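Here is the file run-v5.cif (mmCIF, C-alpha atoms).
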```cif
data_target
loop_
_atom_site.label_atom_id
_atom_site.label_comp_id
_atom_site.auth_asym_id
_atom_site.auth_seq_id
_atom_site.Cartn_x
_atom_site.Cartn_y
_atom_site.Cartn_z
CA MET A 1 9.99 88.38 -74.94
CA PRO A 2 10.66 85.82 -72.15
CA SER A 3 7.74 84.61 -70.08
CA GLU A 4 7.49 85.41 -66.39
CA LYS A 5 8.74 81.95 -65.42
CA THR A 6 11.82 82.13 -67.64
CA ASN A 7 12.69 85.79 -66.90
CA PRO A 8 16.35 85.92 -65.74
CA GLU A 9 15.58 88.64 -63.19
CA ARG A 10 12.82 86.49 -61.68
CA TRP A 11 15.21 83.54 -61.42
CA ARG A 12 17.82 85.65 -59.67
CA ARG A 13 15.22 86.82 -57.17
CA LEU A 14 13.96 83.26 -56.68
CA GLU A 15 17.50 81.97 -56.04
CA THR A 16 18.13 84.77 -53.52
CA ILE A 17 14.91 83.88 -51.67
CA PHE A 18 15.85 80.20 -51.71
CA GLN A 19 19.28 80.83 -50.21
CA GLN A 20 17.95 83.11 -47.46
CA VAL A 21 15.15 80.73 -46.48
CA ASP A 22 17.36 77.63 -46.73
CA GLU A 23 19.83 79.16 -44.25
CA ALA A 24 17.10 80.10 -41.77
CA PRO A 25 16.24 77.90 -38.74
CA ASP A 26 13.45 75.42 -39.50
CA GLU A 27 10.94 77.19 -37.25
CA GLU A 28 11.50 80.51 -39.07
CA LYS A 29 11.51 79.30 -42.68
CA ALA A 30 7.78 79.60 -43.38
CA ALA A 31 7.50 83.15 -42.03
CA ARG A 32 10.67 84.31 -43.80
CA LEU A 33 9.50 82.79 -47.08
CA GLU A 34 6.18 84.64 -47.00
CA SER A 35 7.93 87.87 -46.01
CA LEU A 36 10.45 87.72 -48.86
CA CYS A 37 7.82 86.90 -51.49
CA GLU A 38 5.87 90.05 -50.53
CA GLY A 39 2.47 88.71 -51.48
CA ASP A 40 3.53 87.38 -54.92
CA MET A 41 1.66 84.06 -54.86
CA GLY A 42 3.30 82.76 -58.03
CA LEU A 43 6.76 83.49 -56.63
CA LEU A 44 5.75 81.92 -53.31
CA GLN A 45 4.60 78.73 -55.05
CA ASP A 46 7.81 78.45 -57.11
CA ALA A 47 9.98 79.10 -54.04
CA ARG A 48 8.16 76.37 -52.10
CA SER A 49 8.66 73.96 -55.03
CA LEU A 50 12.35 74.83 -55.13
CA LEU A 51 12.77 74.25 -51.38
CA ARG A 52 10.90 70.96 -51.65
CA ALA A 53 13.13 69.90 -54.57
CA ALA A 54 16.20 70.71 -52.48
CA GLU A 55 14.92 68.58 -49.63
CA GLU A 56 14.14 65.70 -52.00
CA GLU A 57 17.56 66.00 -53.64
CA GLU A 58 19.19 65.72 -50.20
CA ASN A 59 17.14 62.61 -49.44
CA PHE A 60 17.97 61.20 -52.87
CA THR A 61 21.71 61.70 -52.39
CA ARG A 62 21.58 60.23 -48.89
CA SER A 63 19.73 57.15 -50.14
CA TYR A 64 22.57 56.38 -52.58
CA VAL A 65 25.43 56.90 -50.11
CA PRO A 66 25.68 53.80 -47.90
CA GLU A 67 26.07 54.64 -44.23
CA GLU A 68 26.83 51.06 -43.24
CA PRO A 69 29.87 48.90 -44.02
CA ALA A 70 29.60 47.08 -47.33
CA GLU A 71 29.35 43.67 -45.64
CA LEU A 72 26.19 44.73 -43.77
CA GLN A 73 24.49 45.53 -47.07
CA GLU A 74 24.51 41.82 -47.88
CA THR A 75 22.53 40.92 -44.75
CA ASN A 76 19.67 39.38 -46.72
CA VAL A 77 21.91 37.16 -48.86
CA GLY A 78 21.08 33.51 -48.16
CA ARG A 79 17.69 34.42 -46.73
CA ARG A 80 14.58 32.70 -48.03
CA ILE A 81 11.49 34.74 -48.79
CA GLY A 82 8.47 32.95 -50.21
CA PRO A 83 9.71 30.22 -52.57
CA TYR A 84 12.94 32.11 -53.35
CA GLN A 85 16.41 32.17 -51.83
CA LEU A 86 18.35 35.43 -52.15
CA GLU A 87 21.82 34.89 -53.68
CA ARG A 88 23.40 38.33 -54.10
CA LEU A 89 22.57 42.01 -54.11
CA LEU A 90 22.00 43.44 -57.59
CA GLY A 91 21.34 47.03 -56.61
CA ARG A 92 19.56 49.40 -54.28
CA GLY A 93 18.14 52.88 -54.33
CA GLY A 94 15.21 54.85 -52.97
CA MET A 95 13.05 52.52 -50.91
CA GLY A 96 14.01 49.16 -52.39
CA ALA A 97 16.81 46.65 -52.83
CA VAL A 98 16.94 44.07 -55.63
CA TYR A 99 18.52 40.65 -55.23
CA LEU A 100 19.29 37.83 -57.61
CA ALA A 101 17.36 34.83 -56.31
CA SER A 102 16.58 31.22 -57.19
CA ARG A 103 13.39 29.29 -56.69
CA VAL A 104 14.01 26.58 -54.09
CA ASP A 105 10.57 25.12 -53.39
CA GLY A 106 11.24 22.15 -55.70
CA GLN A 107 8.52 23.06 -58.19
CA PHE A 108 10.94 24.08 -60.96
CA ASP A 109 14.29 25.81 -61.41
CA GLN A 110 14.12 29.54 -62.03
CA GLN A 111 16.32 32.59 -61.53
CA VAL A 112 14.52 35.82 -60.74
CA ALA A 113 15.15 39.32 -59.46
CA VAL A 114 13.49 39.82 -56.07
CA LYS A 115 12.74 43.32 -54.85
CA LEU A 116 12.23 44.10 -51.16
CA ILE A 117 11.44 47.27 -49.28
CA ASP A 118 14.82 48.30 -47.93
CA MET A 119 13.59 50.58 -45.14
CA PRO A 120 13.25 49.10 -41.64
CA LEU A 121 10.86 51.86 -40.58
CA ALA A 122 8.91 52.10 -43.85
CA SER A 123 5.54 53.73 -43.34
CA ASP A 124 2.25 52.36 -44.55
CA LEU A 125 2.41 54.81 -47.45
CA PHE A 126 5.72 53.38 -48.65
CA ARG A 127 4.27 49.89 -48.38
CA GLU A 128 1.27 51.04 -50.36
CA LYS A 129 3.62 52.44 -53.01
CA PHE A 130 5.31 49.03 -53.18
CA ARG A 131 1.94 47.31 -53.60
CA GLN A 132 1.14 49.79 -56.35
CA GLU A 133 4.34 48.86 -58.18
CA ARG A 134 3.27 45.22 -58.09
CA GLN A 135 -0.14 46.17 -59.45
CA ILE A 136 1.43 48.27 -62.22
CA LEU A 137 3.73 45.45 -63.32
CA ALA A 138 0.85 42.97 -63.23
CA ARG A 139 -0.95 44.99 -65.93
CA LEU A 140 2.11 45.56 -68.13
CA SER A 141 2.80 42.59 -70.37
CA HIS A 142 5.17 43.70 -73.12
CA PRO A 143 8.26 42.07 -74.69
CA TYR A 144 10.42 45.06 -73.73
CA ILE A 145 9.22 45.40 -70.12
CA ALA A 146 10.63 43.11 -67.43
CA ARG A 147 7.72 40.86 -66.41
CA MET A 148 6.41 40.44 -62.92
CA LEU A 149 6.47 36.72 -62.11
CA ASP A 150 5.32 36.57 -58.51
CA GLY A 151 4.70 38.62 -55.43
CA GLY A 152 3.61 38.18 -51.87
CA VAL A 153 4.44 38.53 -48.21
CA GLY A 154 7.33 36.71 -46.53
CA GLU A 155 7.08 34.88 -43.20
CA ASP A 156 8.31 37.98 -41.36
CA GLY A 157 5.73 40.18 -43.06
CA ASP A 158 8.06 41.72 -45.66
CA LEU A 159 6.52 42.49 -49.03
CA TYR A 160 8.42 41.09 -52.00
CA LEU A 161 8.19 41.24 -55.75
CA ALA A 162 9.71 38.61 -58.07
CA MET A 163 10.53 39.87 -61.56
CA GLU A 164 12.11 38.57 -64.72
CA TYR A 165 15.89 38.69 -64.28
CA ALA A 166 17.37 40.86 -67.03
CA ASN A 167 21.05 40.00 -67.28
CA GLY A 168 22.18 42.85 -69.49
CA LEU A 169 23.96 46.18 -69.75
CA PRO A 170 22.53 49.69 -69.36
CA ILE A 171 21.50 50.86 -72.82
CA ASP A 172 24.21 53.54 -73.12
CA ARG A 173 26.98 51.09 -72.15
CA TYR A 174 25.57 48.46 -74.51
CA CYS A 175 25.65 50.90 -77.46
CA ALA A 176 29.22 51.93 -76.65
CA GLN A 177 30.49 48.40 -76.02
CA HIS A 178 28.99 47.08 -79.27
CA SER A 179 29.94 50.21 -81.28
CA LEU A 180 26.43 50.47 -82.66
CA SER A 181 25.86 52.70 -85.67
CA LEU A 182 23.53 55.68 -85.44
CA ARG A 183 20.78 53.72 -87.21
CA LYS A 184 21.11 50.78 -84.79
CA ARG A 185 21.02 53.11 -81.78
CA ILE A 186 17.86 54.77 -83.04
CA GLU A 187 16.21 51.41 -83.76
CA LEU A 188 17.07 50.23 -80.23
CA PHE A 189 15.70 53.49 -78.83
CA GLN A 190 12.49 53.00 -80.83
CA ALA A 191 12.03 49.62 -79.12
CA VAL A 192 12.31 51.34 -75.73
CA CYS A 193 9.80 53.95 -76.89
CA SER A 194 7.34 51.19 -77.79
CA ALA A 195 7.54 49.91 -74.20
CA VAL A 196 6.94 53.41 -72.82
CA ARG A 197 4.05 53.89 -75.26
CA PHE A 198 2.48 50.66 -73.98
CA ALA A 199 2.81 51.86 -70.40
CA HIS A 200 1.15 55.17 -71.30
CA GLN A 201 -1.68 53.32 -73.02
CA ASN A 202 -2.21 51.58 -69.69
CA LEU A 203 -2.26 54.94 -67.87
CA VAL A 204 1.20 54.47 -66.35
CA VAL A 205 3.92 57.15 -66.36
CA HIS A 206 7.34 55.69 -65.57
CA ARG A 207 8.95 58.95 -64.29
CA ASP A 208 12.50 57.62 -64.02
CA LEU A 209 13.62 56.73 -67.54
CA LYS A 210 17.41 56.52 -67.55
CA PRO A 211 20.06 54.07 -68.82
CA ASP A 212 20.29 52.17 -65.52
CA ASN A 213 16.58 51.34 -65.80
CA ILE A 214 16.87 50.09 -69.39
CA LEU A 215 19.01 46.97 -69.66
CA VAL A 216 19.85 45.41 -73.02
CA LEU A 217 20.30 41.64 -73.16
CA GLU A 218 23.10 40.02 -75.14
CA ASP A 219 20.74 39.37 -78.07
CA GLY A 220 19.92 43.10 -78.28
CA THR A 221 16.52 42.97 -76.56
CA PRO A 222 15.90 45.96 -74.27
CA LYS A 223 14.12 45.52 -70.95
CA LEU A 224 12.49 48.44 -69.17
CA LEU A 225 12.84 48.09 -65.37
CA ASP A 226 11.95 49.73 -62.08
CA PHE A 227 8.40 50.97 -61.96
CA GLY A 228 8.89 51.78 -58.29
CA THR A 229 8.59 55.48 -59.02
CA ALA A 230 5.86 55.06 -61.63
CA LYS A 231 2.65 57.00 -61.40
CA LEU A 232 -0.86 55.89 -62.23
CA LEU A 233 -2.83 58.60 -63.98
CA SER A 234 -5.68 58.64 -61.46
CA PRO A 235 -6.91 61.05 -58.76
CA VAL A 236 -6.41 58.45 -56.04
CA ASP A 237 -2.75 58.05 -56.91
CA ALA A 238 -2.31 61.82 -57.02
CA MET A 239 -3.36 62.07 -53.37
CA THR A 240 -0.99 59.28 -52.35
CA GLU A 241 1.77 60.92 -54.37
CA GLY A 242 1.44 64.20 -52.51
CA GLU A 243 1.77 62.48 -49.16
CA LEU A 244 4.81 60.52 -50.32
CA THR A 245 6.46 63.75 -51.46
CA ARG A 246 5.89 65.29 -48.04
CA GLN A 247 7.59 62.27 -46.48
CA GLY A 248 10.67 62.80 -48.69
CA PHE A 249 10.17 60.11 -51.31
CA HIS A 250 12.28 61.22 -54.28
CA SER A 251 10.71 59.97 -57.50
CA PHE A 252 13.16 61.02 -60.22
CA THR A 253 16.80 61.28 -61.24
CA PRO A 254 17.71 64.97 -61.70
CA GLN A 255 19.79 64.55 -64.87
CA TYR A 256 16.80 62.97 -66.65
CA ALA A 257 13.98 64.85 -64.91
CA SER A 258 11.64 67.24 -66.68
CA PRO A 259 11.16 70.85 -65.52
CA GLU A 260 7.74 70.04 -64.09
CA GLN A 261 9.23 67.19 -62.05
CA VAL A 262 11.91 69.30 -60.38
CA LEU A 263 9.36 72.02 -59.62
CA GLY A 264 6.87 69.55 -58.14
CA HIS A 265 4.20 70.38 -60.70
CA PRO A 266 1.60 67.85 -61.98
CA ILE A 267 3.12 64.98 -63.96
CA SER A 268 1.81 63.65 -67.26
CA THR A 269 3.08 61.47 -70.10
CA ALA A 270 4.92 64.58 -71.38
CA SER A 271 7.40 64.13 -68.53
CA ASP A 272 8.42 60.70 -69.86
CA ILE A 273 8.79 62.21 -73.34
CA TYR A 274 11.26 64.74 -71.91
CA SER A 275 13.26 61.94 -70.25
CA LEU A 276 13.25 60.02 -73.54
CA GLY A 277 14.65 63.16 -75.18
CA VAL A 278 17.53 63.21 -72.68
CA LEU A 279 18.11 59.49 -73.25
CA LEU A 280 18.19 59.95 -77.04
CA PHE A 281 20.65 62.83 -76.59
CA VAL A 282 22.91 60.52 -74.56
CA LEU A 283 22.68 57.67 -77.08
CA VAL A 284 23.59 59.78 -80.13
CA THR A 285 26.27 61.95 -78.49
CA GLY A 286 27.61 59.93 -75.55
CA ALA A 287 27.03 62.89 -73.21
CA LEU A 288 24.26 64.47 -71.15
CA PRO A 289 22.77 67.76 -72.36
CA TYR A 290 23.53 69.32 -68.96
CA ASP A 291 26.30 68.63 -66.47
CA LEU A 292 24.61 69.03 -63.07
CA LYS A 293 27.34 67.61 -60.83
CA GLU A 294 28.78 70.92 -59.69
CA PHE A 295 25.51 72.84 -59.43
CA THR A 296 23.67 73.80 -56.28
CA VAL A 297 20.07 72.64 -56.13
CA ALA A 298 18.86 76.14 -57.01
CA GLU A 299 21.22 76.26 -60.00
CA MET A 300 20.18 72.75 -61.03
CA VAL A 301 16.52 73.78 -61.08
CA ARG A 302 17.36 76.97 -62.99
CA VAL A 303 19.32 75.08 -65.65
CA ILE A 304 16.66 72.39 -66.14
CA CYS A 305 13.79 74.86 -66.20
CA GLU A 306 15.36 77.74 -68.12
CA GLU A 307 18.56 76.92 -69.99
CA GLN A 308 18.13 75.74 -73.55
CA ALA A 309 19.68 72.33 -74.21
CA PRO A 310 22.51 72.35 -76.77
CA ARG A 311 22.00 70.80 -80.18
CA PRO A 312 23.17 67.15 -80.24
CA SER A 313 25.27 67.88 -83.35
CA ALA A 314 27.25 70.41 -81.30
CA LYS A 315 28.36 67.68 -78.87
CA ALA A 316 28.91 64.90 -81.41
CA ALA A 317 31.78 64.41 -83.85
CA PRO A 318 31.69 66.92 -86.76
CA GLY A 319 29.28 65.73 -89.43
CA ALA A 320 28.02 62.78 -87.37
CA LEU A 321 24.52 64.19 -86.86
CA ASP A 322 22.31 66.34 -89.06
CA SER A 323 19.64 68.97 -88.43
CA ASP A 324 16.84 66.37 -88.31
CA ILE A 325 18.27 64.68 -85.21
CA ASP A 326 18.74 68.14 -83.68
CA ALA A 327 15.09 68.94 -84.38
CA ILE A 328 13.75 65.66 -82.95
CA VAL A 329 15.75 65.88 -79.72
CA SER A 330 15.03 69.59 -79.29
CA LYS A 331 11.28 69.04 -79.62
CA ALA A 332 11.34 66.30 -76.98
CA LEU A 333 13.33 68.59 -74.65
CA ARG A 334 11.06 71.64 -74.84
CA LYS A 335 10.59 73.30 -71.45
CA GLU A 336 6.81 73.58 -71.75
CA PRO A 337 5.11 70.14 -71.76
CA GLU A 338 2.60 71.18 -74.43
CA GLU A 339 5.46 72.10 -76.80
CA ARG A 340 6.89 68.57 -76.77
CA TYR A 341 5.66 65.63 -78.82
CA ALA A 342 1.97 65.08 -78.09
CA SER A 343 2.66 61.36 -77.55
CA VAL A 344 5.43 58.77 -77.72
CA GLU A 345 3.74 57.58 -80.92
CA ARG A 346 4.58 60.91 -82.58
CA LEU A 347 8.20 60.61 -81.45
CA ILE A 348 8.43 57.09 -82.89
CA ALA A 349 6.87 58.31 -86.16
CA ASP A 350 9.45 61.10 -86.52
CA LEU A 351 12.31 58.67 -85.86
CA GLU A 352 10.90 56.29 -88.47
CA ALA A 353 10.61 59.16 -90.94
CA TYR A 354 14.26 60.03 -90.26
CA LEU A 355 15.42 56.44 -90.85
CA GLN A 356 13.45 56.30 -94.12
CA GLY A 357 14.80 59.63 -95.32
CA ARG A 358 11.41 61.36 -95.18
CA ALA A 359 10.76 64.84 -93.78
CA VAL A 360 10.37 64.86 -89.98
CA ALA A 361 7.51 66.77 -88.37
CA ALA A 362 9.80 68.38 -85.78
CA HIS A 363 11.78 70.07 -88.55
CA GLN A 364 9.91 73.19 -89.68
CA GLY A 365 11.34 72.88 -93.17
CA SER A 366 10.86 74.99 -96.28
CA PHE A 367 9.80 73.76 -99.71
CA ARG A 368 13.49 73.26 -100.48
CA TYR A 369 13.88 71.01 -97.37
CA HIS A 370 10.95 68.81 -98.45
CA ALA A 371 12.18 68.76 -102.07
CA VAL A 372 15.68 67.66 -101.02
CA LYS A 373 14.21 64.95 -98.76
CA PHE A 374 12.03 63.71 -101.64
CA ALA A 375 14.98 63.69 -104.01
CA ARG A 376 17.21 61.73 -101.60
CA ARG A 377 14.45 59.23 -100.90
CA ASN A 378 13.66 58.64 -104.61
CA LYS A 379 17.08 58.71 -106.25
CA LEU A 380 16.44 55.76 -108.59
CA ALA A 381 12.98 56.92 -109.57
CA LEU A 382 14.21 60.44 -110.22
CA ALA A 383 17.17 59.12 -112.23
CA ALA A 384 14.82 56.97 -114.34
CA SER A 385 12.43 59.87 -114.78
CA THR A 386 15.28 62.14 -115.77
CA LEU A 387 16.55 59.57 -118.29
CA LEU A 388 13.07 59.14 -119.68
CA GLY A 389 12.67 62.91 -119.91
CA VAL A 390 15.97 63.25 -121.72
CA SER A 391 14.97 60.44 -124.08
CA VAL A 392 11.64 62.10 -124.81
CA LEU A 393 13.31 65.45 -125.39
CA ALA A 394 15.90 63.79 -127.62
CA GLY A 395 13.12 62.08 -129.57
CA VAL A 396 11.17 65.29 -129.95
CA GLY A 397 14.37 67.09 -130.96
CA GLY A 398 15.10 64.41 -133.55
CA VAL A 399 11.60 64.66 -135.00
CA LEU A 400 11.84 68.44 -135.13
CA TRP A 401 15.25 68.22 -136.80
CA GLN A 402 13.99 65.73 -139.36
CA SER A 403 10.96 67.94 -139.96
CA ARG A 404 13.22 70.92 -140.54
CA ILE A 405 15.35 68.95 -143.01
CA ALA A 406 12.20 67.79 -144.83
CA ASN A 407 10.93 71.35 -145.04
CA VAL A 408 14.26 72.52 -146.45
CA GLU A 409 14.25 69.71 -149.05
CA ARG A 410 10.62 70.48 -149.91
CA ARG A 411 11.44 74.11 -150.47
CA LYS A 412 14.42 73.11 -152.63
CA ALA A 413 12.19 70.80 -154.70
CA GLU A 414 9.59 73.50 -155.12
CA ALA A 415 12.31 75.93 -156.21
CA ARG A 416 13.59 73.43 -158.81
CA VAL A 417 10.07 72.87 -160.13
CA GLU A 418 9.62 76.63 -160.42
CA ASP A 419 12.93 76.91 -162.26
CA LEU A 420 11.91 74.13 -164.65
CA ARG A 421 8.56 75.80 -165.24
CA LYS A 422 10.23 79.08 -166.05
CA LEU A 423 12.74 77.34 -168.32
CA SER A 424 9.93 75.50 -170.12
CA ASN A 425 7.98 78.71 -170.66
CA SER A 426 11.12 80.42 -171.96
CA LEU A 427 11.82 77.62 -174.47
CA LEU A 428 8.25 77.61 -175.72
CA SER A 429 8.38 81.36 -176.20
CA GLU A 430 11.64 81.11 -178.15
CA ILE A 431 10.25 78.32 -180.41
CA ASP A 432 7.16 80.37 -181.10
CA GLU A 433 9.25 83.38 -182.09
CA ALA A 434 11.42 81.21 -184.41
CA ILE A 435 8.37 79.81 -186.19
CA GLN A 436 7.00 83.26 -186.81
CA LYS A 437 10.25 84.30 -188.48
CA LEU A 438 10.21 81.42 -191.09
CA PRO A 439 9.35 82.38 -194.82
CA GLY A 440 5.70 81.96 -195.62
CA SER A 441 4.76 81.76 -192.03
CA THR A 442 2.24 84.57 -192.48
CA ALA A 443 0.57 82.99 -195.55
CA ALA A 444 0.55 79.66 -193.83
CA GLN A 445 -1.05 81.16 -190.80
CA ARG A 446 -3.66 82.82 -192.96
CA LEU A 447 -4.48 79.56 -194.74
CA LEU A 448 -4.94 78.09 -191.36
#
```

How would this structure read if it were set down as C-alpha cells?
Amino acid sequence: MPSEKTNPERWRRLETIFQQVDEAPDEEKAARLESLCEGDMGLLQDARSLLRAAEEEENFTRSYVPEEPAELQETNVGRRIGPYQLERLLGRGGMGAVYLASRVDGQFDQQVAVKLIDMPLASDLFREKFRQERQILARLSHPYIARMLDGGVGEDGDLYLAMEYANGLPIDRYCAQHSLSLRKRIELFQAVCSAVRFAHQNLVVHRDLKPDNILVLEDGTPKLLDFGTAKLLSPVDAMTEGELTRQGFHSFTPQYASPEQVLGHPISTASDIYSLGVLLFVLVTGALPYDLKEFTVAEMVRVICEEQAPRPSAKAAPGALDSDIDAIVSKALRKEPEERYASVERLIADLEAYLQGRAVAAHQGSFRYHAVKFARRNKLALAASTLLGVSVLAGVGGVLWQSRIANVERRKAEARVEDLRKLSNSLLSEIDEAIQKLPGSTAAQRLL
C-alpha cells in the first residue's frame, strides 16, 4: 500500500493546489494556499516546499541564461586580483564565475582557477557562503579533490578563491571519448566515491554532484570541483542555509537532486549518495534515469519524489549490464534516504564486490544466487576439487572392483578345494571297498 507521500491522489491534489496558488497574485498566495489545504498541515508543508522549489528553479534557470552580450561576460579578463591576472572565463553559474589565471607577482609561475562572486549586489549572506566555501576547501586535502591554493580580498574588496586548475573533461564525456569498459568506468567512479567519502568524514555534504563538477585529467585522475553549494553538517550552517534559500540561492541541479532536496527537506550525506546513484546510472548507460526537460516544476518534483527509476539494464545495450548493477544503482536511488546505502563506504564495498565477482549486499539473493557467485569466483578451485573428487571416486571404485574380483577368485578357490576334498573322500572310500573284497581279507583282518 503506498504511503501518504507517494499516494497518486495526494500528488494530483498537491499539483492542483500548486497551479492555483502559482497563478494567484503575490499578495493573495499565502491566503489561497491555506484555504486550499483546508487545515492539512502536512499538505500545506509539501505545497510550500513545492512553491519554493519552483521559485528556486526559476532563479536557477535565470542564472544560466546570460542577459548580457557575450563580450560583456569577459569584463574581468585581464584584471589583476591579488597576485593573479585573469586570462579567460572558464565558466559561471549560481553566484560565482571561474577564470583561468596566472600568478604575476614574480614569486613563481603558476596557473590556477580563480573564483569570484559574480553578483554586483551580493548580500552579506552570499559573501558568507563564499567564505564558507573557502573554509571547506581548506579542510579538504585529497588527491581527487581540487585543492585550494590561495584566497583573499582584492584591492576593490572582492573576495576571491584560487584553486588547482583541473584541465580535464567532465567524467561522462571522458568515459565516452576514451571508450572505457564497464570495469574501468566503475573503477573511475569508485575514485570519485572515495573523494565524496572523505568530504563526508569531514562533515561536508557536496550537494551538487554531477559530471560538470567532476573533471577527469588526461592521465585518468578525477578531480571533484565546486563546493560552492556544499553544506557543513552543523546547526550554524543550517540557519545560514535557510536564509540563503529564502533569498533564492539554488543549491542543486534538478536532474541529479534527491527527493529531499527538491522538497526543501533537511539534507544529509544520503543526498550525495542519491546523486552518486544518478551519476553511476549515467556512466553505465549513457543516459539520465529521468528526462526532466519538458516537465513543469510540479511534474519534475512528482517524478523525482514518486516515480521509480528504470533499471540501468533497461536503458543499456542488451546483455551489457546484469542484475547486480541494477541492484546497486536502485539502492542508491531509493526515494527514502534511510533506504539508500548507509554510507558511501557501503556503496564502494558493493562495487568492489561486483568487480571481484562476489555477492553484492544490495542484491537480496537466494542460496542459488550466492552459490552461483561462489562458483564463478572459484572456477579453478572448483575444477581442481571436482577433478580430485573424481580421482578419489575412481580410486575407490577401482579398489572396490579389485575387491570384488578377489572375492570371486576366493570363492572359486574354495569351491575347487571343496571339490578336491570330496574327490579325495570318494577315492578313499572306493579303495577301502576294493580291499574288503580281496580273498582272505576277512582272515587277515581278524589276524590283525

Checklist entry - Nearest to Leu225 of chain A: which of A:Tyr165, A:Tyr341, A:Phe281, A:Tyr290 is it, counting only C-alpha atoms? => result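 Among the listed residues, the smallest separation from Leu225 of chain A belongs to A:Tyr165.
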
Next on the checklist: Going by the chain IDs and residue numbers used in this file, which residues fall under the PyMOL selection byres ((chain A and resi 308-315) around 9)? Write them as a ChimeraX atom specification.
Outcome noted: /A:281-282,284-287,289-290,303-307,316-323,325-327,329-330,333-335

Item to check | Selection: 10 Å around Val114 of chain A, only C-alpha atoms, excl. self and same-chain fewer than 3 positions, as a PyMOL selection string | outcome: chain A and resi 81+84-87+89-90+97-102+111+148-151+160-165

Next on the checklist: Taking the file as I've supplied it (selection: the PyMOL selection byres ((chain A and resi 222) around 12)), which residues are included? Please answer as a PyMOL selection string.
Outcome noted: chain A and resi 142-146+166-172+174-175+185+187-196+211-221+223-225

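Distances here use all atoms listed in the file; by that measure, the residue among A:Arg127, A:Lys437, A:Arg139, A:Leu159 closest to Gln201 of chain A is A:Arg139.
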
Next on the checklist: Given the PyMOL selection byres ((chain A and resi 21-37) around 12) and the file above, list the residues it selects as number ranges by chain.
Outcome noted: A: 10, 13-20, 38-55, 297-298

Checklist entry - atom CA of Lys210 of chain A and atom CA of Ala359 of chain A are how many Å apart? => result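 Interatomic distance here is 28.3 Å.
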
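Take atom CA of Asp226 of chain A and atom CA of His206 of chain A: the distance between them is 8.3 Å.
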
Item to check | Contacts of Gln261 of chain A within 9 Å, all atoms listed in the file, excl. fewer than 2 positions in-chain, as a list in words | outcome: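 In the requested form, the answer reads Ala53, Arg207, Ser251, Phe252, Pro254, Ala257, Ser258, Pro259, Leu263, Gly264, His265, Pro266, Ile267 and Ser271 of chain A.
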